[in-house]
file structure-v2.txt (compact mmCIF, C-alpha atoms)
# COMPACT_ATOMS: atom_id res chain seq x y z
CA MET A 1 -1.25 -21.54 -5.01
CA GLY A 2 -4.17 -19.30 -5.81
CA VAL A 3 -5.08 -15.76 -4.77
CA ILE A 4 -8.56 -14.26 -5.17
CA ILE A 5 -9.23 -10.55 -4.82
CA ASP A 6 -12.82 -10.25 -3.59
CA LEU A 7 -14.52 -7.24 -5.20
CA GLN A 8 -17.98 -7.66 -3.70
CA PHE A 9 -17.72 -4.52 -1.52
CA GLN A 10 -17.97 -1.90 -4.26
CA ASP A 11 -21.17 -0.42 -2.86
CA LYS A 12 -19.23 0.57 0.26
CA MET A 13 -16.76 2.77 -1.64
CA ILE A 14 -16.90 6.23 -3.20
CA ASP A 15 -15.71 7.12 -6.70
CA LYS A 16 -12.06 7.88 -5.89
CA GLU A 17 -11.87 4.61 -3.93
CA HIS A 18 -13.14 2.70 -6.97
CA LYS A 19 -10.32 4.32 -8.94
CA SER A 20 -7.75 3.37 -6.31
CA THR A 21 -9.00 -0.20 -6.24
CA ALA A 22 -8.61 -0.47 -10.02
CA GLN A 23 -5.06 0.90 -9.77
CA GLN A 24 -4.18 -1.65 -7.11
CA LEU A 25 -5.57 -4.49 -9.23
CA GLY A 26 -3.22 -3.38 -12.00
CA ARG A 27 -0.31 -3.46 -9.61
CA CYS A 28 -1.20 -6.99 -8.53
CA TYR A 29 -1.29 -8.14 -12.14
CA ALA A 30 2.12 -6.56 -12.85
CA ILE A 31 3.65 -8.08 -9.71
CA ASN A 32 2.37 -11.52 -10.67
CA ARG A 33 3.53 -11.09 -14.26
CA ASN A 34 7.13 -10.39 -13.24
CA THR A 35 7.73 -12.81 -10.38
CA LYS A 36 9.56 -16.12 -10.60
CA ARG A 37 6.67 -17.78 -8.76
CA PRO A 38 3.36 -16.56 -10.25
CA VAL A 39 0.10 -17.68 -8.68
CA LYS A 40 -3.32 -18.31 -10.16
CA LEU A 41 -4.83 -14.84 -9.71
CA THR A 42 -8.59 -14.24 -9.81
CA PHE A 43 -10.63 -11.05 -9.52
CA SER A 44 -14.02 -12.25 -8.24
CA SER A 45 -17.31 -10.28 -8.27
CA PHE A 46 -15.66 -8.42 -11.14
CA GLY A 47 -17.88 -5.74 -12.63
CA GLY A 48 -19.54 -2.47 -11.69
CA ALA A 49 -17.64 0.71 -10.92
CA VAL A 50 -14.23 -0.91 -10.48
CA LYS A 51 -14.49 -2.58 -13.88
CA GLY A 52 -15.48 0.80 -15.33
CA LYS A 53 -12.42 2.48 -13.83
CA LEU A 54 -10.16 -0.27 -15.12
CA GLU A 55 -11.61 0.13 -18.62
CA ILE A 56 -10.59 3.80 -18.50
CA GLN A 57 -7.15 3.26 -16.98
CA ALA A 58 -6.20 0.20 -19.07
CA LYS A 59 -8.44 -0.08 -22.11
CA ASP A 60 -6.93 -3.40 -23.23
CA TYR A 61 -6.90 -5.02 -19.79
CA MET A 62 -8.67 -8.08 -21.21
CA ASN A 63 -5.35 -8.92 -22.88
CA TRP A 64 -4.09 -9.78 -19.40
CA THR A 65 -6.23 -12.94 -19.49
CA LYS A 66 -5.00 -14.27 -22.84
CA PRO A 67 -3.54 -17.83 -22.96
CA GLY A 68 0.19 -17.86 -22.42
CA LYS A 69 0.08 -14.85 -20.14
CA THR A 70 0.11 -14.88 -16.34
CA GLN A 71 -2.80 -16.85 -14.93
CA LEU A 72 -5.50 -14.20 -14.45
CA THR A 73 -9.22 -14.92 -14.32
CA LEU A 74 -11.94 -12.26 -14.27
CA THR A 75 -15.29 -13.52 -13.05
CA PRO A 76 -18.54 -11.90 -11.91
CA GLU A 77 -19.08 -14.85 -9.58
CA PRO A 78 -18.47 -14.53 -5.79
CA TYR A 79 -15.16 -15.74 -4.39
CA HIS A 80 -16.62 -18.71 -2.52
CA THR A 81 -17.85 -20.28 -5.77
CA VAL A 82 -14.51 -20.02 -7.58
CA THR A 83 -13.08 -23.08 -5.88
CA GLU A 84 -13.98 -25.56 -3.16
CA PRO A 85 -14.67 -23.51 0.02
CA THR A 86 -12.53 -25.88 2.11
CA HIS A 87 -9.52 -24.77 0.03
CA LEU A 88 -10.06 -21.07 0.81
CA VAL A 89 -8.37 -18.91 3.45
CA TYR A 90 -9.62 -15.32 3.84
CA LEU A 91 -6.87 -12.92 4.94
CA THR A 92 -7.92 -10.40 7.57
CA ALA A 93 -6.11 -8.74 10.49
CA ASP A 94 -9.17 -9.55 12.64
CA SER A 95 -8.46 -13.29 12.41
CA PRO A 96 -7.06 -15.00 15.52
CA ASN A 97 -4.98 -17.29 13.28
CA GLU A 98 -1.51 -16.07 12.34
CA ILE A 99 0.14 -17.56 9.27
CA GLU A 100 3.44 -19.34 9.84
CA ASP A 101 3.91 -20.52 6.25
CA LEU A 102 1.89 -20.25 3.03
CA ASP A 103 0.10 -23.48 2.11
CA GLU A 104 0.48 -23.80 -1.65
CA THR A 105 -2.50 -26.14 -1.84
CA LYS A 106 -4.76 -23.30 -0.66
CA THR A 107 -6.31 -20.28 -2.33
CA TYR A 108 -5.97 -17.07 -0.30
CA VAL A 109 -8.62 -14.35 -0.47
CA ILE A 110 -7.81 -10.64 -0.20
CA GLY A 111 -10.62 -8.18 0.47
CA GLY A 112 -10.72 -5.83 -2.52
CA ILE A 113 -11.84 -2.66 -0.78
CA VAL A 114 -10.30 0.79 -0.28
CA ASP A 115 -12.10 2.37 2.67
CA LYS A 116 -9.56 3.86 5.11
CA ASN A 117 -10.69 1.20 7.59
CA ARG A 118 -14.25 2.57 7.95
CA TYR A 119 -15.79 -0.89 8.07
CA LYS A 120 -14.55 -2.86 11.07
CA ASN A 121 -14.39 -6.67 10.80
CA LEU A 122 -15.88 -6.53 7.31
CA CYS A 123 -13.79 -9.29 5.74
CA TYR A 124 -13.71 -11.41 8.89
CA ASN A 125 -17.50 -11.32 9.20
CA GLU A 126 -17.87 -12.19 5.52
CA ALA A 127 -15.65 -15.24 5.92
CA GLN A 128 -17.49 -16.30 9.06
CA LYS A 129 -20.81 -16.03 7.24
CA GLN A 130 -19.58 -18.32 4.47
CA GLY A 131 -17.79 -20.74 6.81
CA ILE A 132 -14.40 -19.88 5.29
CA ALA A 133 -11.15 -20.26 7.24
CA THR A 134 -9.37 -17.02 8.12
CA ALA A 135 -5.78 -16.01 8.80
CA LYS A 136 -3.59 -12.93 9.10
CA LEU A 137 -0.07 -12.20 7.94
CA PRO A 138 2.54 -12.37 10.75
CA LEU A 139 3.34 -8.66 10.86
CA GLY A 140 3.36 -8.43 14.65
CA LYS A 141 5.76 -11.34 14.97
CA TYR A 142 8.51 -9.88 12.79
CA ILE A 143 8.15 -6.09 12.60
CA ASP A 144 6.93 -3.03 14.44
CA LEU A 145 4.85 -0.40 12.64
CA LYS A 146 4.25 3.20 13.65
CA THR A 147 0.97 3.22 11.72
CA ARG A 148 -2.08 0.96 11.64
CA LYS A 149 -1.62 -2.59 10.36
CA VAL A 150 -3.85 -1.90 7.37
CA LEU A 151 -2.23 -2.48 4.00
CA THR A 152 -3.15 -1.78 0.39
CA ILE A 153 -4.39 -4.69 -1.71
CA ASN A 154 -1.17 -4.75 -3.72
CA HIS A 155 1.04 -4.71 -0.62
CA VAL A 156 -0.70 -7.79 0.78
CA PHE A 157 -0.37 -9.50 -2.60
CA GLU A 158 3.29 -8.55 -3.05
CA ILE A 159 4.19 -9.79 0.44
CA MET A 160 2.72 -13.20 -0.42
CA ILE A 161 4.38 -13.37 -3.84
CA LYS A 162 7.79 -12.41 -2.50
CA TYR A 163 7.46 -14.86 0.38
CA LEU A 164 6.97 -17.71 -2.11
CA VAL A 165 10.43 -16.86 -3.46
CA GLU A 166 12.29 -15.78 -0.31
CA ARG A 167 10.62 -17.86 2.44
CA ASP A 168 11.68 -15.17 4.91
CA TRP A 169 8.85 -13.08 6.42
CA GLU A 170 11.10 -10.49 8.06
CA LYS A 171 13.07 -9.79 4.89
CA VAL A 172 9.96 -9.60 2.72
CA LEU A 173 8.04 -7.33 5.08
CA LEU A 174 10.95 -4.90 5.30
CA GLU A 175 11.30 -4.89 1.50
CA VAL A 176 7.64 -4.38 0.65
CA LEU A 177 6.18 -2.06 3.28
CA PRO A 178 6.70 1.66 2.53
CA PRO A 179 8.85 3.85 4.82
CA ARG A 180 5.83 6.02 5.68
CA LYS A 181 4.57 3.15 7.84
CA GLY A 182 7.68 3.43 10.06
CA VAL A 183 8.49 -0.26 9.67
CA LYS A 184 11.42 -1.73 11.62
CA VAL A 185 12.56 -5.12 12.87
CA LYS A 186 10.59 -6.38 15.85
CA GLY A 187 12.07 -5.06 19.09
CA ALA A 188 14.71 -2.90 17.39
CA THR A 189 15.21 0.61 18.79
CA ASP A 190 15.44 3.68 16.58
CA ASP A 191 19.13 3.96 17.51
CA GLU A 192 19.78 0.39 16.40
CA GLU A 193 18.03 0.97 13.08
CA SER A 194 20.01 4.17 12.49
CA SER A 195 23.29 2.44 13.38
CA ASP A 196 22.63 -0.40 10.97
CA GLU A 197 21.93 2.05 8.13
CA ASP A 198 25.14 3.99 8.83
CA ASP A 199 27.23 0.80 8.82
CA GLN A 200 25.88 -0.28 5.46
CA GLN A 201 26.87 2.99 3.70
CA ILE A 202 24.75 2.21 0.66
CA PRO A 203 25.90 4.12 -2.43
CA ALA A 204 23.32 6.60 -3.65
CA SER A 205 23.26 4.89 -7.05
CA ASP A 206 22.07 1.65 -5.43
CA VAL A 207 19.12 3.15 -3.58
CA ALA A 208 15.81 2.23 -5.24
CA ILE A 209 12.78 4.50 -5.28
CA SER A 210 10.50 3.90 -2.30
CA ARG A 211 7.79 1.30 -2.93
CA ASP A 212 5.08 3.59 -1.59
CA SER A 213 1.60 2.54 -2.69
CA GLY A 214 1.14 5.74 -4.66
CA GLU A 215 4.54 5.84 -6.37
CA GLU A 216 5.56 2.33 -7.35
CA ASP A 217 5.68 1.47 -11.03
CA GLY A 218 4.63 -2.13 -10.64
CA VAL A 219 7.93 -3.58 -11.89
CA ILE A 220 9.33 -6.02 -9.40
CA GLU A 221 13.00 -5.65 -8.48
CA GLY A 222 15.09 -7.84 -10.73
CA ALA A 223 12.74 -7.61 -13.73
CA SER A 224 14.04 -5.55 -16.64
CA SER A 225 12.05 -2.54 -17.73
CA ALA A 226 11.96 -3.90 -21.28
CA SER A 227 10.42 -7.14 -20.08
CA ALA A 228 7.83 -5.30 -18.04
CA ALA A 229 6.88 -3.14 -21.00
CA ASP A 230 6.49 -6.18 -23.24
CA ASP A 231 4.46 -8.04 -20.64
CA SER A 232 1.91 -5.37 -19.80
CA ALA A 233 1.93 -1.82 -21.10
CA ASP A 234 -1.66 -1.41 -19.93
CA ALA A 235 -0.79 -2.48 -16.40
CA ASP A 236 1.97 0.14 -16.36
CA ALA A 237 -0.63 2.77 -17.28
CA VAL A 238 -2.74 1.77 -14.29
CA LEU A 239 0.29 1.85 -12.01
CA GLU A 240 1.03 5.49 -12.70
CA GLY A 241 -1.94 6.61 -10.57
CA LYS A 242 -1.69 7.66 -6.94
CA GLU A 243 -4.08 6.56 -4.25
CA GLY A 244 -2.49 7.05 -0.83
CA VAL A 245 -5.33 5.27 0.93
CA ASP A 246 -5.62 2.09 2.92
CA THR A 247 -7.72 -0.98 2.29
CA ASP A 248 -9.64 -3.49 4.32
CA ALA A 249 -7.28 -6.13 2.94
CA LYS A 250 -5.86 -6.37 6.41
CA PRO A 251 -2.97 -8.78 6.91
call {"tool": "encode", "arguments": {"input": "structure-v2.txt", "output": "structure tokens"}}
result
Amino acid sequence: MGVIIDLQFQDKMIDKEHKSTAQQLGRCYAINRNTKRPVKLTFSSFGGAVKGKLEIQAKDYMNWTKPGKTQLTLTPEPYHTVTEPTHLVYLTADSPNEIEDLDETKTYVIGGIVDKNRYKNLCYNEAQKQGIATAKLPLGKYIDLKTRKVLTINHVFEIMIKYLVERDWEKVLLEVLPPRKGVKVKGATDDEESSDEDDQQIPASDVAISRDSGEEDGVIEGASSASAADDSADADAVLEGKEGVDTDAKP
């Protein structure tokens, strides 16, 4: 399966959003580097301000593309020229088509923009213009959110990567989405959620740090810190930044 992060929207972002986008690209690389099921990852329309920020945050980021490493391609070409358009599916919350399962013969496109949802239907309209199929992640089918269904680039990517391993949307969504979004199982009441947590009595030593978009270190659960350091020290440097903003990479 392939995933393309479409970086064509850089002219619609301000400087701090370029920085956040670069940080999220680093997180995506680290996630893909440490999973059991890596995908062919491409950053399309790569260049401009986001490339400049990445050069500052991870000076040796080109090492990420070396043979033998995780499959990462950096290209200045637009996403719809990277592979046959009929094999593409653009992910956007504005799509009427909800994903039931990931098709591993397809390449999924994530809109690489941090904009706090200023641009409505941006990715959907882009896909329509190019005649590309669209779909959205099944958030509404499995969970309830107290906030908008707008996720960071790396959250969308991590949900897909973890689903390839787990094949369980509900479990993956609950694992990946940060607590600040008020995520809970579809239809569950606050009392039910609280009761479940009390019954589990999780030891404090077993509680992992929240995977909030501004605090995660990019190391996937189950991957040793030594392995992560060997795989991508530069990616770790990118992951230390905080962005706390949403993207148009809507599920």
call {"tool": "residues_around", "arguments": {"input": "structure-v2.txt", "residues": "range 29-45 of chain A", "least_positions_apart": "6", "cutoff": "6 Å", "atoms": "only C-alpha atoms", "output": "list in words"}}
result
Met1, Gly2, Val3, Ile4, Ile5, Asp6, Leu7, Gln8, Thr70, Gln71, Leu72, Thr73, Leu74, Thr75, Pro76, Glu77, Pro78, Tyr79 and Gly218 of chain A
call {"tool": "closest_residue", "arguments": {"input": "structure-v2.txt", "among": "A:Ala58, A:Ile143, A:Val156, A:Val172", "to": "Leu91 in chain A", "atoms": "all atoms listed in the file"}}
result
A:Val156
call {"tool": "axis_aligned_box", "arguments": {"input": "structure-v2.txt", "around": "range 89-105 of chain A", "padding_each_side": "5 Å", "output": "lines of an AutoDock Vina configuration file"}}
result
center_x = -2.9
center_y = -17.4
center_z = 6.8
size_x = 23.5
size_y = 27.4
size_z = 27.4
call {"tool": "atom_distance", "arguments": {"input": "structure-v2.txt", "atom1": "CA of Ile113 in chain A", "atom2": "CA of Asp94 in chain A"}}
result
15.3 Å
call {"tool": "closest_residue", "arguments": {"input": "structure-v2.txt", "among": "A:Lys53, A:Lys162, A:Lys136, A:Lys120", "to": "Val176 in chain A", "atoms": "all atoms listed in the file"}}
result
A:Lys162
call {"tool": "residues_around", "arguments": {"input": "structure-v2.txt", "residues": "His87 in chain A", "least_positions_apart": "6", "cutoff": "9 Å", "atoms": "only C-alpha atoms", "output": "PyMOL selection string"}}
result
chain A and resi 105-108+132-133
call {"tool": "closest_residue", "arguments": {"input": "structure-v2.txt", "among": "A:Gly131, A:Gly112, A:Gly47, A:Pro138", "to": "Pro96 in chain A", "atoms": "all atoms listed in the file"}}
result
A:Pro138
call {"tool": "residues_around", "arguments": {"input": "structure-v2.txt", "residues": "Gln130 in chain A", "least_positions_apart": "3", "cutoff": "8 Å", "atoms": "all atoms listed in the file", "output": "ChimeraX atom specification"}}
result
/A:80,126-127
call {"tool": "closest_residue", "arguments": {"input": "structure-v2.txt", "among": "A:Leu122, A:Val109, A:Leu102, A:Leu174", "to": "Thr83 in chain A", "atoms": "only C-alpha atoms"}}
result
A:Val109
call {"tool": "build_atoms", "arguments": {"input": "structure-v2.txt", "residues": "range 151-162 of chain A", "atoms": "all heavy atoms", "output": "PDB file, in the coordinates of the input"}}
result
ATOM      1  N   LEU A 151      -3.060  -2.577   5.188  1.00  0.00           N
ATOM      2  CA  LEU A 151      -2.230  -2.480   4.000  1.00  0.00           C
ATOM      3  C   LEU A 151      -3.079  -2.351   2.738  1.00  0.00           C
ATOM      4  O   LEU A 151      -4.241  -2.742   2.720  1.00  0.00           O
ATOM      5  CB  LEU A 151      -1.345  -3.726   3.873  1.00  0.00           C
ATOM      6  CG  LEU A 151      -0.531  -4.121   5.106  1.00  0.00           C
ATOM      7  CD1 LEU A 151       0.300  -5.356   4.800  1.00  0.00           C
ATOM      8  CD2 LEU A 151       0.358  -2.978   5.569  1.00  0.00           C
ATOM      9  N   THR A 152      -2.472  -1.818   1.678  1.00  0.00           N
ATOM     10  CA  THR A 152      -3.150  -1.780   0.390  1.00  0.00           C
ATOM     11  C   THR A 152      -3.285  -3.198  -0.150  1.00  0.00           C
ATOM     12  O   THR A 152      -2.559  -4.109   0.248  1.00  0.00           O
ATOM     13  CB  THR A 152      -2.378  -0.918  -0.617  1.00  0.00           C
ATOM     14  OG1 THR A 152      -1.077  -1.487  -0.795  1.00  0.00           O
ATOM     15  CG2 THR A 152      -2.259   0.515  -0.150  1.00  0.00           C
ATOM     16  N   ILE A 153      -4.192  -3.381  -1.091  1.00  0.00           N
ATOM     17  CA  ILE A 153      -4.390  -4.690  -1.710  1.00  0.00           C
ATOM     18  C   ILE A 153      -3.084  -5.186  -2.316  1.00  0.00           C
ATOM     19  O   ILE A 153      -2.686  -6.344  -2.120  1.00  0.00           O
ATOM     20  CB  ILE A 153      -5.468  -4.599  -2.820  1.00  0.00           C
ATOM     21  CG1 ILE A 153      -6.805  -4.137  -2.242  1.00  0.00           C
ATOM     22  CG2 ILE A 153      -5.631  -5.948  -3.528  1.00  0.00           C
ATOM     23  CD1 ILE A 153      -7.816  -3.699  -3.304  1.00  0.00           C
ATOM     24  N   ASN A 154      -2.389  -4.317  -3.047  1.00  0.00           N
ATOM     25  CA  ASN A 154      -1.170  -4.750  -3.720  1.00  0.00           C
ATOM     26  C   ASN A 154      -0.029  -5.034  -2.765  1.00  0.00           C
ATOM     27  O   ASN A 154       0.827  -5.883  -3.041  1.00  0.00           O
ATOM     28  CB  ASN A 154      -0.734  -3.724  -4.788  1.00  0.00           C
ATOM     29  CG  ASN A 154      -0.622  -2.311  -4.277  1.00  0.00           C
ATOM     30  OD1 ASN A 154      -1.640  -1.638  -4.062  1.00  0.00           O
ATOM     31  ND2 ASN A 154       0.596  -1.835  -4.063  1.00  0.00           N
ATOM     32  N   HIS A 155       0.006  -4.382  -1.597  1.00  0.00           N
ATOM     33  CA  HIS A 155       1.040  -4.710  -0.620  1.00  0.00           C
ATOM     34  C   HIS A 155       0.830  -6.111  -0.049  1.00  0.00           C
ATOM     35  O   HIS A 155       1.775  -6.882   0.104  1.00  0.00           O
ATOM     36  CB  HIS A 155       1.064  -3.685   0.514  1.00  0.00           C
ATOM     37  CG  HIS A 155       1.756  -2.404   0.156  1.00  0.00           C
ATOM     38  ND1 HIS A 155       1.375  -1.186   0.664  1.00  0.00           N
ATOM     39  CD2 HIS A 155       2.793  -2.158  -0.686  1.00  0.00           C
ATOM     40  CE1 HIS A 155       2.165  -0.236   0.167  1.00  0.00           C
ATOM     41  NE2 HIS A 155       3.021  -0.808  -0.663  1.00  0.00           N
ATOM     42  N   VAL A 156      -0.412  -6.448   0.282  1.00  0.00           N
ATOM     43  CA  VAL A 156      -0.700  -7.790   0.780  1.00  0.00           C
ATOM     44  C   VAL A 156      -0.299  -8.825  -0.270  1.00  0.00           C
ATOM     45  O   VAL A 156       0.356  -9.830   0.025  1.00  0.00           O
ATOM     46  CB  VAL A 156      -2.199  -7.948   1.135  1.00  0.00           C
ATOM     47  CG1 VAL A 156      -2.498  -9.384   1.553  1.00  0.00           C
ATOM     48  CG2 VAL A 156      -2.580  -6.991   2.258  1.00  0.00           C
ATOM     49  N   PHE A 157      -0.677  -8.563  -1.524  1.00  0.00           N
ATOM     50  CA  PHE A 157      -0.370  -9.500  -2.600  1.00  0.00           C
ATOM     51  C   PHE A 157       1.137  -9.632  -2.808  1.00  0.00           C
ATOM     52  O   PHE A 157       1.671 -10.740  -2.937  1.00  0.00           O
ATOM     53  CB  PHE A 157      -1.039  -9.032  -3.895  1.00  0.00           C
ATOM     54  CG  PHE A 157      -0.853  -9.983  -5.045  1.00  0.00           C
ATOM     55  CD1 PHE A 157      -1.569 -11.170  -5.103  1.00  0.00           C
ATOM     56  CD2 PHE A 157       0.037  -9.697  -6.067  1.00  0.00           C
ATOM     57  CE1 PHE A 157      -1.402 -12.055  -6.160  1.00  0.00           C
ATOM     58  CE2 PHE A 157       0.209 -10.568  -7.129  1.00  0.00           C
ATOM     59  CZ  PHE A 157      -0.507 -11.756  -7.173  1.00  0.00           C
ATOM     60  N   GLU A 158       1.841  -8.500  -2.811  1.00  0.00           N
ATOM     61  CA  GLU A 158       3.290  -8.550  -3.050  1.00  0.00           C
ATOM     62  C   GLU A 158       4.024  -9.264  -1.921  1.00  0.00           C
ATOM     63  O   GLU A 158       4.994  -9.989  -2.163  1.00  0.00           O
ATOM     64  CB  GLU A 158       3.850  -7.130  -3.217  1.00  0.00           C
ATOM     65  CG  GLU A 158       5.317  -7.130  -3.616  1.00  0.00           C
ATOM     66  CD  GLU A 158       5.853  -5.744  -3.933  1.00  0.00           C
ATOM     67  OE1 GLU A 158       5.118  -4.755  -3.727  1.00  0.00           O
ATOM     68  OE2 GLU A 158       7.012  -5.661  -4.391  1.00  0.00           O
ATOM     69  N   ILE A 159       3.581  -9.073  -0.690  1.00  0.00           N
ATOM     70  CA  ILE A 159       4.190  -9.790   0.440  1.00  0.00           C
ATOM     71  C   ILE A 159       4.082 -11.300   0.218  1.00  0.00           C
ATOM     72  O   ILE A 159       5.062 -12.041   0.396  1.00  0.00           O
ATOM     73  CB  ILE A 159       3.503  -9.387   1.758  1.00  0.00           C
ATOM     74  CG1 ILE A 159       3.915  -7.968   2.156  1.00  0.00           C
ATOM     75  CG2 ILE A 159       3.854 -10.371   2.884  1.00  0.00           C
ATOM     76  CD1 ILE A 159       3.077  -7.364   3.270  1.00  0.00           C
ATOM     77  N   MET A 160       2.911 -11.765  -0.200  1.00  0.00           N
ATOM     78  CA  MET A 160       2.720 -13.200  -0.420  1.00  0.00           C
ATOM     79  C   MET A 160       3.574 -13.707  -1.582  1.00  0.00           C
ATOM     80  O   MET A 160       4.212 -14.764  -1.486  1.00  0.00           O
ATOM     81  CB  MET A 160       1.243 -13.479  -0.684  1.00  0.00           C
ATOM     82  CG  MET A 160       0.344 -13.102   0.476  1.00  0.00           C
ATOM     83  SD  MET A 160      -1.401 -13.284   0.067  1.00  0.00           S
ATOM     84  CE  MET A 160      -1.552 -15.065   0.018  1.00  0.00           C
ATOM     85  N   ILE A 161       3.613 -12.956  -2.665  1.00  0.00           N
ATOM     86  CA  ILE A 161       4.380 -13.370  -3.840  1.00  0.00           C
ATOM     87  C   ILE A 161       5.873 -13.432  -3.521  1.00  0.00           C
ATOM     88  O   ILE A 161       6.574 -14.384  -3.894  1.00  0.00           O
ATOM     89  CB  ILE A 161       4.124 -12.399  -5.015  1.00  0.00           C
ATOM     90  CG1 ILE A 161       2.688 -12.561  -5.523  1.00  0.00           C
ATOM     91  CG2 ILE A 161       5.115 -12.625  -6.135  1.00  0.00           C
ATOM     92  CD1 ILE A 161       2.367 -13.923  -6.078  1.00  0.00           C
ATOM     93  N   LYS A 162       6.366 -12.412  -2.836  1.00  0.00           N
ATOM     94  CA  LYS A 162       7.790 -12.410  -2.500  1.00  0.00           C
ATOM     95  C   LYS A 162       8.132 -13.497  -1.491  1.00  0.00           C
ATOM     96  O   LYS A 162       9.227 -14.069  -1.529  1.00  0.00           O
ATOM     97  CB  LYS A 162       8.206 -11.032  -1.968  1.00  0.00           C
ATOM     98  CG  LYS A 162       8.359  -9.988  -3.053  1.00  0.00           C
ATOM     99  CD  LYS A 162       9.240  -8.833  -2.608  1.00  0.00           C
ATOM    100  CE  LYS A 162       9.647  -7.996  -3.793  1.00  0.00           C
ATOM    101  NZ  LYS A 162      10.654  -6.972  -3.445  1.00  0.00           N
TER     102      LYS A 162
END
